[in-house]
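S.K.: Pasting in a structure now, in structure tokens, and then I'll have a few things to ask.
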Amino acid sequence: MELKHVDGEDKGDVLLFALSTCGWCKQVRMLLEDLEVGYDFIYVDLTSGDDRTEAVDLLKSFNEAVSFPTLVINSEDVIIGYEEENIKSKLNK
């Protein structure tokens with residue numbers, strides 16, 4: 001499974017599970033970039049085969065419903081959907 005990285009301020013492990021066609025996923029990405037936070041992301045819908053299985057299995061470990069966007073911070077804080085204030089709070093922004 002290949003993650004894409006966006007450079008920015010190091011706030012720990014910030015991982016976004018997203019869909020390339022999802023408007024809310026785009027909003028989360030734009031928010032992270034506006035906050036200048038470094039993060040990794042994967043567009044699950046653009047994966048296939050073993051990569052997709054690995055991505056979905058990892059996502060399920062944080063969000064059983066497999067819904068998007070799912071933002072995971074340091075493998076402990078999970079934010080499902082676009083929750084601007086919650087994202088800012090968890091990133092100390």
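Each chain in the structure tokens gets a letter, A, B, ..., in the order shown, and its residues are numbered from 1; ligands are numbered from 1 in order too.
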Which polymer residues have any atom within 6 Å of an atom of segment 24-27 of chain A, counting only C-alpha atoms, with same-chain residues fewer than 3 positions away left out, as a ChimeraX atom specification?

M.R.: /A:18,30,69,82

S.K.: I'd like the contact shell of Glu9 of chain A - 8 Å cut-off, only C-alpha atoms, skipping same-chain residues fewer than 4 positions apart - returned as a list in words.

M.R.: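 Skipping anything fewer than 4 positions along the chain leaves Glu36, Val37 and Gly38 of chain A.
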
S.K.: According to DSSP computed on the backbone, where in segment 35-83 of chain A is there helix (DSSP H, G or I)? Give the residues as a ChimeraX atom specification.

M.R.: /A:44-46,49-62

S.K.: Between atom CA of Phe17 of chain A and atom CA of Leu59 of chain A, what is the distance, to one decimal in Å?

M.R.: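 Distance reported for this atom pair: 7.1 Å.
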